[in-house]
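Beneath this line is the structure, given in structure tokens, with notes to follow.
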Amino acid sequence: PIPIQDNRATVASTNIDKTVVNNAPSTSVVGNKNTISTSTAVPTKDNKGFIGSNNNVNAGIDLSVTIPKSVAGIVSNVQGNSSILTEKHIFQLESALPKTHQCYNWILRYKLAVSGASLSTLLHSARGHSQLLLVLKDSGGAVFGALITETIKIHEKEKYYGNGTIAVWSFQSGTLKFYPWSYQNSYFLLTSKESLALGGGGNFAIYLDGDLNKGSSGLCQTFSSPCLSSSEEFT
């Protein structure tokens with residue numbers, strides 16, 4: 001998935017829950033029980049799923065999900081602790097992702113409850129990976145995020161970068177709403193030591209401050225997306 005998968009981030013002193021996940025290819029050989037699974041992360045014992053604190057009882061719901069695909073013999077694997085995504089969320093997200101980003105394992109790269117409330121840590125965890133899912137949950141209970149198909153860069157000066165496969169999404173009344181590029185502008189991704197933002201033109205689709213303490217979301221031209229969070233200013 002585009003994978004910032006279990007892609008979520010959170011603010012420790014607040015209820016913003018943010019996590020970054022990346023996907024490692026998972027290809028099953030038809031007619032063979034062996035599965036090829038590659039990952040840049042330290043693998044779990046079965047080399048699949050989230051890399052995280054599986055022994056942390058406070059980390060959230062324990063997930064062990066296999067997502068079957070329409071292509072014979074190919075599945076996506078999700079394993080690990082999640083305080084945000086349910087199995088229903090995962091199935092909807094997988095189905096909404098572009099075909100080129102499906103059939104991947106979801107591997108946890110950052111979790112606020114484990115890594116601490118730091119944007120620099122979140123960005124460092126995501127660097128070197130060009131398929132990321134960012135998943136957030138604010139204090140109002142809204143679950144939303146972004147698909148980032150671009151290697152994260154830290155710019156000293158504000159400078160947009162990215163490509164047209166970057167998208168944002170949110171769950172509304174339990175149903176996923178996916179917002180791809182609208183072609184209205186090219187304000188995809190903006191990252192610095194002080195903030196992370198997606199979209200532009202009117203408002204950011206998602207904005208997070210350097211302490212992961214506050215954020216904002218509003219009507220955004222880049223993705224023709226509405227406010228994704230429970231309110232335009234969220235914690």
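Scheme for the structure tokens: letters A, B, ... for chains in order shown; per-chain residue numbers from 1; ligand numbers from 1 in order shown.
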- Quick one: everything within 6 Å of Lys214 (chain A), counting only C-alpha atoms, minus sequence neighbours fewer than 5 positions away in the same chain. Send it as number ranges by chain. A: 209, 234-235
Can I get the selection written as a compact mmCIF listing (two decimals), in the first residue's frame, with N, CA, C and O atoms?
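Written file, out13.txt:
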```txt
# COMPACT_ATOMS: atom_id res chain seq x y z
N ASP A 209 2.56 19.60 13.14
CA ASP A 209 3.66 20.43 13.62
C ASP A 209 4.84 19.56 14.07
O ASP A 209 4.76 18.33 14.11
N PHE A 234 -6.88 20.26 14.98
CA PHE A 234 -7.04 19.06 15.79
C PHE A 234 -5.81 18.76 16.63
O PHE A 234 -4.72 19.28 16.38
N THR A 235 -6.01 17.95 17.65
CA THR A 235 -4.90 17.45 18.49
C THR A 235 -5.01 15.93 18.54
O THR A 235 -6.06 15.36 18.20
```
- Query: From the set A:Leu136, A:Leu190, A:Ser95, A:Thr222, which residue has the shortest atom-to-atom contact distance to Gly164 (chain A), counting only C-alpha atoms?
  - Reply: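 Nearest candidate to Gly164 (chain A) out of A:Leu136, A:Leu190, A:Ser95, A:Thr222: A:Thr222.
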- By how many Å are CA of Ser195 (chain A) and CA of Leu119 (chain A) apart? 7.2 Å
- Message: So the first atom is CA of Arg109 (chain A) and the second is CA of Leu122 (chain A); what is the distance between them in Å, to one decimal place?
- Response: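 Interatomic distance here is 8.2 Å.
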- Message: For a quick check of understanding, using only C-alpha atoms, which of A:Leu93, A:Leu108, A:Tyr187, A:Phe178 has the smallest distance to Gly202 (chain A)?
- Response: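 That would be A:Tyr187, the residue with the smallest distance to Gly202 (chain A).
If only C-alpha atoms are the atoms counted, then among A:Ser170, A:Gln184, A:Gln92, A:Thr191 the closest residue to Ala126 (chain A) is A:Thr191.
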- Which residue of A:His124, A:Asp138, A:Ala146, A:His129 approaches Gly215 (chain A) most closely, using only C-alpha atoms: A:Asp138
- Item | Exercise: Cys227 (chain A) partners within 9 Å, only C-alpha atoms, chain neighbours under 4 positions left out, as number ranges by chain | A: 205-206, 216-220, 231-232
- If we count only C-alpha atoms, what is near Gly162 (chain A) at a cut-off of 7 Å, once residues fewer than 6 positions away on the same chain are taken out, given as a PyMOL selection string? chain A and resi 150+188-189
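The shell of residues at most 8 Å from Ser224 (chain A), with only C-alpha atoms counted and near chain neighbours (fewer than 6 positions) removed, consists of Tyr179, Trp181 and Ser182 of chain A.
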- For CA of Ile148 (chain A) and CA of Ile166 (chain A), determine how far apart the two atoms are, in Å to one decimal place.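 CA of Ile166 (chain A) lies 5.1 Å from CA of Ile148 (chain A).
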